[in-house]
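data02.cif, holding mmCIF, C-alpha atoms:
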data_query
loop_
_atom_site.group_PDB
_atom_site.id
_atom_site.type_symbol
_atom_site.label_atom_id
_atom_site.label_comp_id
_atom_site.auth_asym_id
_atom_site.auth_seq_id
_atom_site.Cartn_x
_atom_site.Cartn_y
_atom_site.Cartn_z
ATOM 1 C CA MET T 4 0.000 0.000 0.000
ATOM 2 C CA MET T 5 2.823 2.421 0.956
ATOM 3 C CA ASN T 6 4.703 1.608 -2.257
ATOM 4 C CA ARG T 7 1.569 2.388 -4.320
ATOM 5 C CA LEU T 8 1.121 5.765 -2.567
ATOM 6 C CA PHE T 9 4.781 6.601 -3.095
ATOM 7 C CA LEU T 10 4.538 5.834 -6.836
ATOM 8 C CA LEU T 11 1.409 7.985 -7.150
ATOM 9 C CA PHE T 12 3.187 10.874 -5.384
ATOM 10 C CA VAL T 13 6.231 10.595 -7.691
ATOM 11 C CA SER T 14 3.957 10.474 -10.764
ATOM 12 C CA TRP T 15 2.188 13.632 -9.593
ATOM 13 C CA LEU T 16 5.508 15.453 -9.128
ATOM 14 C CA LEU T 17 6.667 14.454 -12.603
ATOM 15 C CA PHE T 18 3.364 15.629 -14.121
ATOM 16 C CA ALA T 19 3.548 18.980 -12.311
ATOM 17 C CA PHE T 20 7.147 19.547 -13.349
ATOM 18 C CA SER T 21 6.325 18.648 -16.950
ATOM 19 C CA SER T 22 3.391 21.097 -17.021
ATOM 20 C CA CYS T 23 5.483 23.949 -15.624
ATOM 21 C CA ASN T 24 8.306 23.219 -18.011
ATOM 22 C CA SER T 25 6.003 23.156 -21.064
ATOM 23 C CA SER T 26 4.691 26.642 -20.295
ATOM 24 C CA ALA T 27 8.146 28.178 -19.830
ATOM 25 C CA PRO T 28 10.035 29.769 -22.768
ATOM 26 C CA LYS T 29 11.928 26.998 -24.521
ATOM 27 C CA THR T 30 14.594 29.019 -26.299
ATOM 28 C CA ALA T 31 16.917 31.846 -25.312
ATOM 29 C CA GLU T 32 15.093 34.124 -27.767
ATOM 30 C CA GLU T 33 11.713 33.340 -26.187
ATOM 31 C CA ARG T 34 13.102 33.969 -22.701
ATOM 32 C CA LYS T 35 14.560 37.282 -23.860
ATOM 33 C CA GLN T 36 11.233 38.383 -25.374
ATOM 34 C CA VAL T 37 9.246 37.546 -22.259
ATOM 35 C CA GLY T 38 11.731 39.207 -19.935
ATOM 36 C CA ARG T 39 12.635 42.197 -22.067
ATOM 37 C CA TYR T 40 9.805 43.096 -24.455
ATOM 38 C CA LYS T 41 6.452 41.697 -23.307
ATOM 39 C CA ILE T 42 6.663 43.567 -20.007
ATOM 40 C CA TYR T 43 6.056 46.911 -21.757
ATOM 41 C CA LYS T 44 2.411 47.555 -22.601
ATOM 42 C CA GLY T 45 0.238 50.565 -23.233
ATOM 43 C CA GLU T 46 -0.264 53.580 -25.474
ATOM 44 C CA LEU T 47 2.690 55.689 -26.631
ATOM 45 C CA SER T 48 1.945 59.037 -28.264
ATOM 46 C CA ILE T 49 4.818 60.683 -30.155
ATOM 47 C CA GLU T 50 5.029 63.974 -32.023
ATOM 48 C CA ALA T 51 7.998 64.733 -34.275
ATOM 49 C CA ASP T 52 9.237 67.581 -36.429
ATOM 50 C CA LYS T 53 8.191 67.166 -40.073
ATOM 51 C CA GLY T 54 11.802 67.721 -41.082
ATOM 52 C CA ILE T 55 12.971 64.442 -39.553
ATOM 53 C CA GLU T 56 10.011 62.318 -40.644
ATOM 54 C CA PRO T 57 11.903 59.863 -42.929
ATOM 55 C CA VAL T 58 14.288 58.603 -40.241
ATOM 56 C CA ILE T 59 11.733 58.672 -37.413
ATOM 57 C CA ARG T 60 9.406 56.474 -39.494
ATOM 58 C CA GLN T 61 12.197 53.894 -39.648
ATOM 59 C CA GLN T 62 12.825 54.160 -35.910
ATOM 60 C CA VAL T 63 9.155 53.721 -35.022
ATOM 61 C CA GLU T 64 8.832 50.716 -37.341
ATOM 62 C CA VAL T 65 11.688 48.855 -35.623
ATOM 63 C CA PHE T 66 10.617 49.906 -32.118
ATOM 64 C CA SER T 67 7.047 48.700 -32.786
ATOM 65 C CA TYR T 68 8.354 45.359 -34.028
ATOM 66 C CA LEU T 69 10.448 44.832 -30.891
ATOM 67 C CA HIS T 70 7.728 46.083 -28.512
ATOM 68 C CA ASP T 71 4.628 44.749 -30.215
ATOM 69 C CA SER T 72 2.526 45.094 -27.068
ATOM 70 C CA VAL T 73 3.005 48.893 -27.170
ATOM 71 C CA ASN T 74 0.520 50.748 -29.374
ATOM 72 C CA VAL T 75 2.500 53.599 -30.959
ATOM 73 C CA SER T 76 0.907 56.623 -32.621
ATOM 74 C CA VAL T 77 3.022 59.299 -34.328
ATOM 75 C CA GLN T 78 2.150 62.720 -35.701
ATOM 76 C CA TYR T 79 4.504 64.936 -37.707
ATOM 77 C CA LYS T 80 4.042 68.666 -37.186
ATOM 78 C CA ASN T 81 5.729 72.040 -37.431
ATOM 79 C CA GLU T 82 7.826 73.251 -34.520
ATOM 80 C CA ASP T 83 5.281 75.698 -33.056
ATOM 81 C CA GLU T 84 2.553 73.038 -32.984
ATOM 82 C CA LEU T 85 4.872 70.569 -31.247
ATOM 83 C CA LEU T 86 5.791 72.978 -28.469
ATOM 84 C CA LYS T 87 2.167 74.019 -27.979
ATOM 85 C CA ASP T 88 0.973 70.412 -27.662
ATOM 86 C CA PHE T 89 3.715 69.611 -25.161
ATOM 87 C CA ALA T 90 2.820 72.656 -23.051
ATOM 88 C CA GLU T 91 -0.833 71.582 -23.063
ATOM 89 C CA LYS T 92 0.204 68.041 -22.052
ATOM 90 C CA LYS T 93 -1.346 66.502 -25.157
ATOM 91 C CA VAL T 94 1.723 64.399 -25.915
ATOM 92 C CA GLY T 95 4.291 62.559 -23.819
ATOM 93 C CA ILE T 96 7.390 62.796 -26.017
ATOM 94 C CA LEU T 97 8.584 65.299 -28.626
ATOM 95 C CA LEU T 98 11.289 64.816 -31.241
ATOM 96 C CA LEU T 99 12.611 68.253 -32.158
ATOM 97 C CA ALA T 100 15.207 69.349 -34.706
ATOM 98 C CA ARG T 101 16.868 71.525 -32.055
ATOM 99 C CA GLU T 102 17.282 71.872 -28.310
ATOM 100 C CA LEU T 103 14.807 73.755 -26.135
ATOM 101 C CA THR T 104 15.735 77.337 -25.334
ATOM 102 C CA ASP T 105 16.241 78.485 -21.734
ATOM 103 C CA ALA T 106 13.072 80.588 -22.050
ATOM 104 C CA GLU T 107 11.029 77.561 -23.173
ATOM 105 C CA ARG T 108 12.311 75.430 -20.299
ATOM 106 C CA GLU T 109 11.453 78.154 -17.798
ATOM 107 C CA THR T 110 7.989 78.687 -19.294
ATOM 108 C CA TYR T 111 7.146 74.992 -19.047
ATOM 109 C CA LYS T 112 8.369 74.922 -15.467
ATOM 110 C CA THR T 113 6.675 78.063 -14.115
ATOM 111 C CA ARG T 114 3.468 78.222 -16.120
ATOM 112 C CA ASP T 115 2.670 74.612 -16.912
ATOM 113 C CA THR T 116 4.556 72.837 -14.080
ATOM 114 C CA ILE T 117 6.369 70.655 -16.617
ATOM 115 C CA TYR T 118 9.961 69.750 -15.901
ATOM 116 C CA ALA T 119 11.290 68.846 -19.325
ATOM 117 C CA ARG T 120 13.923 66.153 -19.684
ATOM 118 C CA GLU T 121 16.009 66.418 -22.867
ATOM 119 C CA MET T 122 18.198 63.875 -24.586
ATOM 120 C CA THR T 123 20.358 64.575 -27.646
ATOM 121 C CA ILE T 124 19.879 61.561 -29.899
ATOM 122 C CA ALA T 125 21.385 62.483 -33.282
ATOM 123 C CA TYR T 126 22.606 65.212 -35.623
ATOM 124 C CA ASP T 127 20.935 66.297 -38.871
ATOM 125 C CA ALA T 128 21.498 69.396 -41.037
ATOM 126 C CA VAL T 129 19.783 71.808 -43.368
ATOM 127 C CA ALA T 130 20.833 70.891 -46.900
ATOM 128 C CA LEU T 131 21.320 73.431 -49.671
ATOM 129 C CA ILE T 132 20.069 72.090 -52.993
ATOM 130 C CA GLY T 133 20.240 73.438 -56.522
ATOM 131 C CA ASN T 134 19.586 72.617 -60.146
ATOM 132 C CA PRO T 135 22.283 70.285 -61.596
ATOM 133 C CA LYS T 136 23.492 73.245 -63.707
ATOM 134 C CA PHE T 137 23.778 75.593 -60.728
ATOM 135 C CA SER T 138 27.400 76.631 -60.086
ATOM 136 C CA ASP T 139 28.326 76.632 -56.399
ATOM 137 C CA LYS T 140 32.004 77.351 -57.067
ATOM 138 C CA GLU T 141 31.939 80.733 -55.274
ATOM 139 C CA LEU T 142 29.290 79.855 -52.699
ATOM 140 C CA SER T 143 30.280 80.387 -49.059
ATOM 141 C CA ILE T 144 28.469 80.980 -45.782
ATOM 142 C CA GLU T 145 29.274 84.710 -46.114
ATOM 143 C CA LYS T 146 27.900 84.786 -49.659
ATOM 144 C CA LEU T 147 24.810 82.954 -48.488
ATOM 145 C CA GLN T 148 24.380 85.481 -45.703
ATOM 146 C CA SER T 149 24.445 88.338 -48.208
ATOM 147 C CA PHE T 150 21.620 86.756 -50.231
ATOM 148 C CA PHE T 151 19.288 87.209 -47.240
ATOM 149 C CA ASN T 152 20.246 90.868 -46.784
ATOM 150 C CA PRO T 153 17.267 93.104 -47.708
ATOM 151 C CA ALA T 154 19.670 95.893 -48.760
ATOM 152 C CA GLN T 155 21.051 93.669 -51.523
ATOM 153 C CA ALA T 156 17.756 92.225 -52.731
ATOM 154 C CA SER T 157 17.706 94.243 -55.978
ATOM 155 C CA SER T 158 21.134 92.960 -57.037
ATOM 156 C CA ASN T 159 20.419 89.375 -56.140
ATOM 157 C CA ILE T 160 18.961 87.356 -59.012
ATOM 158 C CA LEU T 161 18.708 84.202 -56.946
ATOM 159 C CA GLN T 162 15.572 82.980 -55.243
ATOM 160 C CA LEU T 163 15.864 81.322 -51.823
ATOM 161 C CA VAL T 164 13.168 78.727 -51.211
ATOM 162 C CA PHE T 165 12.106 76.857 -48.028
ATOM 163 C CA ASP T 166 9.701 73.948 -47.540
ATOM 164 C CA ASN T 167 7.130 76.018 -45.583
ATOM 165 C CA SER T 168 6.992 79.247 -43.606
ATOM 166 C CA GLN T 169 6.722 77.421 -40.238
ATOM 167 C CA SER T 170 9.510 74.964 -40.998
ATOM 168 C CA SER T 171 12.262 74.507 -38.436
ATOM 169 C CA CYS T 172 14.680 74.913 -41.375
ATOM 170 C CA VAL T 173 13.686 78.598 -41.626
ATOM 171 C CA SER T 174 14.414 79.447 -38.006
ATOM 172 C CA HIS T 175 17.641 77.425 -37.993
ATOM 173 C CA VAL T 176 19.072 79.081 -41.116
ATOM 174 C CA LEU T 177 18.074 82.611 -40.094
ATOM 175 C CA ASN T 178 19.455 82.150 -36.580
ATOM 176 C CA THR T 179 22.712 80.711 -37.935
ATOM 177 C CA LEU T 180 23.115 83.590 -40.391
ATOM 178 C CA GLY T 181 22.222 86.181 -37.774
ATOM 179 C CA TYR T 182 18.873 87.419 -39.108
ATOM 180 C CA ARG T 183 16.169 88.183 -36.559
ATOM 181 C CA GLU T 184 13.872 90.628 -38.358
ATOM 182 C CA LYS T 185 13.593 91.769 -41.973
ATOM 183 C CA ILE T 186 15.075 89.681 -44.763
ATOM 184 C CA SER T 187 15.262 89.887 -48.547
ATOM 185 C CA ASP T 188 12.039 89.726 -50.543
ATOM 186 C CA LYS T 189 13.734 87.040 -52.657
ATOM 187 C CA VAL T 190 13.107 84.534 -49.859
ATOM 188 C CA TYR T 191 10.025 82.342 -50.432
ATOM 189 C CA ALA T 192 8.237 79.493 -48.705
ATOM 190 C CA LEU T 193 6.385 76.720 -50.522
ATOM 191 C CA LYS T 194 4.245 74.008 -48.936
ATOM 192 C CA SER T 195 6.461 70.924 -48.735
ATOM 193 C CA VAL T 196 9.914 69.469 -49.279
ATOM 194 C CA GLU T 197 8.663 67.837 -52.465
ATOM 195 C CA GLU T 198 7.590 71.227 -53.863
ATOM 196 C CA VAL T 199 11.026 72.691 -53.153
ATOM 197 C CA ILE T 200 12.694 69.770 -54.955
ATOM 198 C CA ASP T 201 10.414 70.183 -57.986
ATOM 199 C CA TYR T 202 10.957 73.947 -58.093
ATOM 200 C CA VAL T 203 14.734 73.658 -57.853
ATOM 201 C CA ALA T 204 14.836 70.903 -60.474
ATOM 202 C CA ASN T 205 13.041 73.174 -62.952
ATOM 203 C CA ASN T 206 14.758 76.491 -62.176
ATOM 204 C CA GLN T 207 18.479 77.175 -62.397
ATOM 205 C CA GLN T 208 18.664 80.399 -60.327
ATOM 206 C CA VAL T 209 17.300 78.955 -57.090
ATOM 207 C CA ILE T 210 18.797 77.712 -53.836
ATOM 208 C CA GLY T 211 16.513 75.388 -51.907
ATOM 209 C CA PHE T 212 16.716 74.694 -48.166
ATOM 210 C CA ILE T 213 15.423 71.318 -46.984
ATOM 211 C CA PRO T 214 16.116 68.882 -44.123
ATOM 212 C CA PHE T 215 19.103 66.695 -44.955
ATOM 213 C CA SER T 216 17.223 63.640 -43.637
ATOM 214 C CA PHE T 217 15.128 63.708 -46.831
ATOM 215 C CA LEU T 218 18.318 63.099 -48.865
ATOM 216 C CA SER T 219 20.631 61.316 -46.440
ATOM 217 C CA ASP T 220 19.644 57.685 -47.062
ATOM 218 C CA VAL T 221 21.404 57.164 -50.386
ATOM 219 C CA ASP T 222 20.318 53.501 -50.508
ATOM 220 C CA ASP T 223 16.668 54.544 -50.679
ATOM 221 C CA GLU T 224 15.267 54.384 -54.227
ATOM 222 C CA LYS T 225 13.271 57.618 -53.795
ATOM 223 C CA VAL T 226 16.411 59.466 -52.699
ATOM 224 C CA LYS T 227 18.343 58.077 -55.673
ATOM 225 C CA THR T 228 15.627 59.426 -57.989
ATOM 226 C CA VAL T 229 15.706 62.871 -56.328
ATOM 227 C CA LEU T 230 19.498 63.119 -56.542
ATOM 228 C CA LYS T 231 19.281 62.598 -60.305
ATOM 229 C CA ARG T 232 17.126 65.738 -60.558
ATOM 230 C CA ILE T 233 19.000 68.092 -58.188
ATOM 231 C CA LYS T 234 22.379 68.356 -56.483
ATOM 232 C CA ILE T 235 23.455 69.085 -52.937
ATOM 233 C CA LEU T 236 25.367 72.379 -52.985
ATOM 234 C CA SER T 237 28.705 72.836 -51.253
ATOM 235 C CA LEU T 238 30.147 75.838 -49.422
ATOM 236 C CA ARG T 239 33.677 77.192 -49.323
ATOM 237 C CA GLY T 240 35.201 77.083 -45.888
ATOM 238 C CA LYS T 241 38.296 76.273 -43.863
ATOM 239 C CA ASN T 242 39.151 73.183 -41.876
ATOM 240 C CA ALA T 243 40.771 73.026 -38.427
ATOM 241 C CA LYS T 244 44.202 73.562 -40.029
ATOM 242 C CA GLY T 245 43.051 76.726 -41.807
ATOM 243 C CA GLU T 246 43.108 75.037 -45.214
ATOM 244 C CA ASP T 247 40.509 75.889 -47.872
ATOM 245 C CA VAL T 248 37.939 73.128 -48.181
ATOM 246 C CA ARG T 249 34.471 72.596 -49.561
ATOM 247 C CA VAL T 250 31.800 71.296 -47.205
ATOM 248 C CA SER T 251 28.202 70.232 -47.702
ATOM 249 C CA ALA T 252 25.372 68.399 -46.023
ATOM 250 C CA ASN T 253 26.828 64.890 -45.853
ATOM 251 C CA GLN T 254 27.521 62.362 -43.122
ATOM 252 C CA SER T 255 31.260 63.028 -42.993
ATOM 253 C CA ASP T 256 31.036 66.844 -42.711
ATOM 254 C CA ILE T 257 28.304 66.544 -40.080
ATOM 255 C CA ALA T 258 30.419 64.075 -38.088
ATOM 256 C CA ASP T 259 33.474 66.341 -37.972
ATOM 257 C CA GLY T 260 31.404 69.500 -37.413
ATOM 258 C CA SER T 261 32.732 71.357 -40.456
ATOM 259 C CA TYR T 262 29.348 71.975 -42.101
ATOM 260 C CA PRO T 263 27.855 75.226 -40.713
ATOM 261 C CA LEU T 264 24.156 74.256 -40.838
ATOM 262 C CA ILE T 265 24.223 71.200 -38.547
ATOM 263 C CA ARG T 266 21.270 70.835 -36.185
ATOM 264 C CA THR T 267 20.530 68.641 -33.181
ATOM 265 C CA ILE T 268 17.739 66.060 -32.963
ATOM 266 C CA THR T 269 16.438 66.122 -29.397
ATOM 267 C CA ALA T 270 13.967 63.895 -27.537
ATOM 268 C CA VAL T 271 11.943 65.846 -24.975
ATOM 269 C CA THR T 272 9.841 64.162 -22.279
ATOM 270 C CA LYS T 273 8.259 65.193 -19.011
ATOM 271 C CA PHE T 274 10.505 64.422 -16.051
ATOM 272 C CA SER T 275 9.414 61.245 -14.281
ATOM 273 C CA TYR T 276 10.945 58.955 -11.686
ATOM 274 C CA SER T 277 9.299 55.933 -13.312
ATOM 275 C CA ASP T 278 10.535 53.929 -16.283
ATOM 276 C CA ASN T 279 7.649 54.861 -18.591
ATOM 277 C CA LEU T 280 7.083 54.246 -22.296
ATOM 278 C CA GLN T 281 8.300 57.711 -23.287
ATOM 279 C CA TRP T 282 11.627 57.070 -21.603
ATOM 280 C CA LEU T 283 11.765 53.583 -23.131
ATOM 281 C CA PHE T 284 11.448 55.043 -26.639
ATOM 282 C CA ALA T 285 13.985 57.818 -25.964
ATOM 283 C CA ASN T 286 16.481 55.219 -24.727
ATOM 284 C CA PHE T 287 15.833 53.060 -27.779
ATOM 285 C CA LEU T 288 16.735 56.003 -30.036
ATOM 286 C CA MET T 289 19.871 56.678 -28.032
ATOM 287 C CA LYS T 290 21.193 53.162 -27.721
ATOM 288 C CA GLU T 291 22.607 50.663 -30.186
ATOM 289 C CA LYS T 292 19.579 49.768 -32.339
ATOM 290 C CA GLY T 293 18.430 53.356 -32.714
ATOM 291 C CA ALA T 294 21.993 54.564 -33.313
ATOM 292 C CA ARG T 295 22.472 52.049 -36.107
ATOM 293 C CA ILE T 296 19.252 53.190 -37.779
ATOM 294 C CA PHE T 297 20.484 56.805 -37.703
ATOM 295 C CA LEU T 298 23.802 55.707 -39.204
ATOM 296 C CA LYS T 299 22.124 53.648 -41.913
ATOM 297 C CA ALA T 300 19.913 56.656 -42.749
ATOM 298 C CA GLY T 301 22.996 58.815 -43.294
ATOM 299 C CA LEU T 302 22.797 60.849 -40.081
ATOM 300 C CA ILE T 303 25.098 60.897 -37.048
ATOM 301 C CA PRO T 304 23.893 59.339 -33.776
ATOM 302 C CA ALA T 305 24.820 61.141 -30.572
ATOM 303 C CA ARG T 306 26.314 57.904 -29.244
ATOM 304 C CA MET T 307 28.140 55.744 -31.747
ATOM 305 C CA PRO T 308 27.312 52.017 -31.533
ATOM 306 C CA GLU T 309 30.139 49.718 -30.551
ATOM 307 C CA ARG T 310 31.930 47.768 -33.249
ATOM 308 C CA GLU T 311 33.142 44.231 -32.691
ATOM 309 C CA ILE T 312 36.441 43.288 -34.325
ATOM 310 C CA ASN T 313 37.429 39.621 -34.364
ATOM 311 C CA VAL T 314 41.180 39.119 -34.484
ATOM 312 C CA ASN T 315 42.467 35.783 -35.758
ATOM 313 C CA THR T 316 45.444 34.816 -33.600
ATOM 314 C CA GLY T 317 45.594 31.247 -34.820
ATOM 315 C CA GLY T 318 47.463 31.891 -38.035
ATOM 316 C CA ILE T 319 46.369 31.285 -41.620
ATOM 317 C CA LYS T 320 45.132 27.832 -42.521
ATOM 318 C CA GLY T 321 47.453 25.939 -44.735
ATOM 319 C CA GLU T 322 50.633 27.429 -43.286
#

Could the structure of this file be written out as structure tokens, please?
Amino acid sequence: MMNRLFLLFVSWLLFAFSSCNSSAPKTAEERKQVGRYKIYKGELSIEADKGIEPVIRQQVEVFSYLHDSVNVSVQYKNEDELLKDFAEKKVGILLLARELTDAERETYKTRDTIYAREMTIAYDAVALIGNPKFSDKELSIEKLQSFFNPAQASSNILQLVFDNSQSSCVSHVLNTLGYREKISDKVYALKSVEEVIDYVANNQQVIGFIPFSFLSDVDDEKVKTVLKRIKILSLRGKNAKGEDVRVSANQSDIADGSYPLIRTITAVTKFSYSDNLQWLFANFLMKEKGARIFLKAGLIPARMPEREINVNTGGIKGE
């Protein structure tokens, strides 16, 4: 009788262990997903500058794949709309094409009781584009500055064209060139990046200003098509040694800081002591996977991903 009870007890233990084991993740990948990804759930609302839309779309696609239990919604807006929505607490995380100003930080803190937390995630630029026949041989940042001068408008035959009047490209270029008030009446704003590209492609005496992120991914078929219709203009300048060089909106000149129209991509969230979804997404952009997406898209991540180099110390086979 005792032997029969003992066998029944052992059988029950084996059955229980088998049931528990069958419900556990069977592979390392499954265990990683349960422990790392499935824990994050909820709604994540993101608003991003229209000028960085191409690369942010890629980032959101990968993030959503890795965190499929997080429902992500993204809207792309002009800078003023983004800041207004953040102040009114309509969105949890902003992706701006610049840093917040001291005045904006203080306004959020005193008026709206929002303590903003900022993280620099990557570097973009404003690209100068022209018709393939446009000569940029004598173009420099000083020459560009003179084109915006209202006193020289009558002698300037060039048109200067932006993607829209509320674009962050406008404020960045004018601030960089030192214009705060009146500018030349040869400066125009269209309605989109695509309109600027079309206008430049069909007019030789035009300089267009668009976000570099719309041209940076040279492996993208749409970008290849655009670059057959226009060219990215270069500027005369000097390198750290004082030597004459030509710089333009490209990954190399952004990386070494020699291009004068570089801008910062910043993630802005409300300060929180908890590890929320907004902070999860900001960290994703900052760390290895997000950094590699920025690199692949032709931009410069704020933190370069590590590279693994395997060194063969065993000699060459056949020796």

So what does the PyMOL selection byres ((chain T and resi 120-132) around 6) actually pick up in this one, as a PDB file with C-alpha atoms, in the coordinates of the input?
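Contents of result.pdb, freshly written:
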ATOM      1  CA  ALA T 119      11.290  68.846 -19.325  1.00  0.00           C
ATOM      2  CA  GLY T 133      20.240  73.438 -56.522  1.00  0.00           C
ATOM      3  CA  ILE T 210      18.797  77.712 -53.836  1.00  0.00           C
ATOM      4  CA  GLY T 211      16.513  75.388 -51.907  1.00  0.00           C
ATOM      5  CA  PHE T 212      16.716  74.694 -48.166  1.00  0.00           C
ATOM      6  CA  ILE T 213      15.423  71.318 -46.984  1.00  0.00           C
ATOM      7  CA  PRO T 214      16.116  68.882 -44.123  1.00  0.00           C
ATOM      8  CA  PHE T 215      19.103  66.695 -44.955  1.00  0.00           C
ATOM      9  CA  LYS T 234      22.379  68.356 -56.483  1.00  0.00           C
ATOM     10  CA  ILE T 235      23.455  69.085 -52.937  1.00  0.00           C
ATOM     11  CA  LEU T 236      25.367  72.379 -52.985  1.00  0.00           C
ATOM     12  CA  ALA T 252      25.372  68.399 -46.023  1.00  0.00           C
ATOM     13  CA  LEU T 264      24.156  74.256 -40.838  1.00  0.00           C
ATOM     14  CA  ILE T 265      24.223  71.200 -38.547  1.00  0.00           C
ATOM     15  CA  ARG T 266      21.270  70.835 -36.185  1.00  0.00           C
ATOM     16  CA  THR T 267      20.530  68.641 -33.181  1.00  0.00           C
ATOM     17  CA  ILE T 268      17.739  66.060 -32.963  1.00  0.00           C
ATOM     18  CA  THR T 269      16.438  66.122 -29.397  1.00  0.00           C
ATOM     19  CA  ALA T 270      13.967  63.895 -27.537  1.00  0.00           C
ATOM     20  CA  VAL T 271      11.943  65.846 -24.975  1.00  0.00           C
ATOM     21  CA  THR T 272       9.841  64.162 -22.279  1.00  0.00           C
ATOM     22  CA  LYS T 273       8.259  65.193 -19.011  1.00  0.00           C
ATOM     23  CA  PHE T 274      10.505  64.422 -16.051  1.00  0.00           C
ATOM     24  CA  MET T 289      19.871  56.678 -28.032  1.00  0.00           C
ATOM     25  CA  LEU T 302      22.797  60.849 -40.081  1.00  0.00           C
ATOM     26  CA  ILE T 303      25.098  60.897 -37.048  1.00  0.00           C
ATOM     27  CA  PRO T 304      23.893  59.339 -33.776  1.00  0.00           C
ATOM     28  CA  ALA T 305      24.820  61.141 -30.572  1.00  0.00           C
TER      29      ALA T 305
END

Expand the PyMOL selection byres ((chain T and resi 178-187) around 10) into the explicit residue set it covers here, and present it as an NGL selection string.
:T and (144-145 or 147-157 or 159 or 162-163 or 172-177 or 188-191 or 263-265)

Select, counting only C-alpha atoms, all protein, DNA and RNA residues no farther than 10 Å from (16.4, 77.3, -57.9) in file coordinates, and express the selection as a PDB file with C-alpha atoms, keeping the file's coordinate frame.
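The resulting file, part_12.pdb, is reproduced below:
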ATOM      1  CA  ILE T 132      20.069  72.090 -52.993  1.00  0.00           C
ATOM      2  CA  GLY T 133      20.240  73.438 -56.522  1.00  0.00           C
ATOM      3  CA  ASN T 134      19.586  72.617 -60.146  1.00  0.00           C
ATOM      4  CA  PRO T 135      22.283  70.285 -61.596  1.00  0.00           C
ATOM      5  CA  PHE T 137      23.778  75.593 -60.728  1.00  0.00           C
ATOM      6  CA  LEU T 161      18.708  84.202 -56.946  1.00  0.00           C
ATOM      7  CA  GLN T 162      15.572  82.980 -55.243  1.00  0.00           C
ATOM      8  CA  LEU T 163      15.864  81.322 -51.823  1.00  0.00           C
ATOM      9  CA  VAL T 164      13.168  78.727 -51.211  1.00  0.00           C
ATOM     10  CA  VAL T 199      11.026  72.691 -53.153  1.00  0.00           C
ATOM     11  CA  ILE T 200      12.694  69.770 -54.955  1.00  0.00           C
ATOM     12  CA  ASP T 201      10.414  70.183 -57.986  1.00  0.00           C
ATOM     13  CA  TYR T 202      10.957  73.947 -58.093  1.00  0.00           C
ATOM     14  CA  VAL T 203      14.734  73.658 -57.853  1.00  0.00           C
ATOM     15  CA  ALA T 204      14.836  70.903 -60.474  1.00  0.00           C
ATOM     16  CA  ASN T 205      13.041  73.174 -62.952  1.00  0.00           C
ATOM     17  CA  ASN T 206      14.758  76.491 -62.176  1.00  0.00           C
ATOM     18  CA  GLN T 207      18.479  77.175 -62.397  1.00  0.00           C
ATOM     19  CA  GLN T 208      18.664  80.399 -60.327  1.00  0.00           C
ATOM     20  CA  VAL T 209      17.300  78.955 -57.090  1.00  0.00           C
ATOM     21  CA  ILE T 210      18.797  77.712 -53.836  1.00  0.00           C
ATOM     22  CA  GLY T 211      16.513  75.388 -51.907  1.00  0.00           C
ATOM     23  CA  ILE T 233      19.000  68.092 -58.188  1.00  0.00           C
TER      24      ILE T 233
END

At what distance in Å, to one decimal, does CA of Phe284 (chain T) lie from CA of Phe66 (chain T)?
7.6 Å

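Closest approach to Gly240 (chain T) among T:Asp220, T:Ser143, T:Ala192, T:Gln281 is made by T:Ser143 (distances from only C-alpha atoms).
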
Determine the nearest neighbour of Leu230 (chain T) from the options T:Phe297, T:Phe217, T:Phe287, T:Tyr68, counting only C-alpha atoms.
T:Phe217

Please identify all polymer residues lying at most 10 Å from the point (36.4, 76.1, -51.2) (file coordinates), using all atoms listed in the file, and present the result as a list of chain:residue names.
T:Asp139, T:Lys140, T:Glu141, T:Leu142, T:Ser143, T:Ser237, T:Leu238, T:Arg239, T:Gly240, T:Lys241, T:Glu246, T:Asp247, T:Val248, T:Arg249, T:Val250

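Among the candidates T:Ile55, T:Leu298, T:Val75, T:Ile117, the residue lying nearest to Lys92 (chain T) is T:Ile117 (atoms considered: all atoms listed in the file).
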
Would you write out, as a PyMOL selection string, every residue that the PyMOL selection byres ((chain T and resi 88) around 12) captures in this file?
chain T and resi 48-51+78-87+89-97+111+115

Could the residues in this selection be saved with C-alpha atoms as a JSON list (two decimals), keeping the file's coordinate frame?
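So out-v9.json came out as:
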[["chain", "number", "residue", "atom", "x", "y", "z"],
["T", 48, "SER", "CA", 1.94, 59.04, -28.26],
["T", 49, "ILE", "CA", 4.82, 60.68, -30.16],
["T", 50, "GLU", "CA", 5.03, 63.97, -32.02],
["T", 51, "ALA", "CA", 8.00, 64.73, -34.28],
["T", 78, "GLN", "CA", 2.15, 62.72, -35.70],
["T", 79, "TYR", "CA", 4.50, 64.94, -37.71],
["T", 80, "LYS", "CA", 4.04, 68.67, -37.19],
["T", 81, "ASN", "CA", 5.73, 72.04, -37.43],
["T", 82, "GLU", "CA", 7.83, 73.25, -34.52],
["T", 83, "ASP", "CA", 5.28, 75.70, -33.06],
["T", 84, "GLU", "CA", 2.55, 73.04, -32.98],
["T", 85, "LEU", "CA", 4.87, 70.57, -31.25],
["T", 86, "LEU", "CA", 5.79, 72.98, -28.47],
["T", 87, "LYS", "CA", 2.17, 74.02, -27.98],
["T", 89, "PHE", "CA", 3.72, 69.61, -25.16],
["T", 90, "ALA", "CA", 2.82, 72.66, -23.05],
["T", 91, "GLU", "CA", -0.83, 71.58, -23.06],
["T", 92, "LYS", "CA", 0.20, 68.04, -22.05],
["T", 93, "LYS", "CA", -1.35, 66.50, -25.16],
["T", 94, "VAL", "CA", 1.72, 64.40, -25.92],
["T", 95, "GLY", "CA", 4.29, 62.56, -23.82],
["T", 96, "ILE", "CA", 7.39, 62.80, -26.02],
["T", 97, "LEU", "CA", 8.58, 65.30, -28.63],
["T", 111, "TYR", "CA", 7.15, 74.99, -19.05],
["T", 115, "ASP", "CA", 2.67, 74.61, -16.91]]
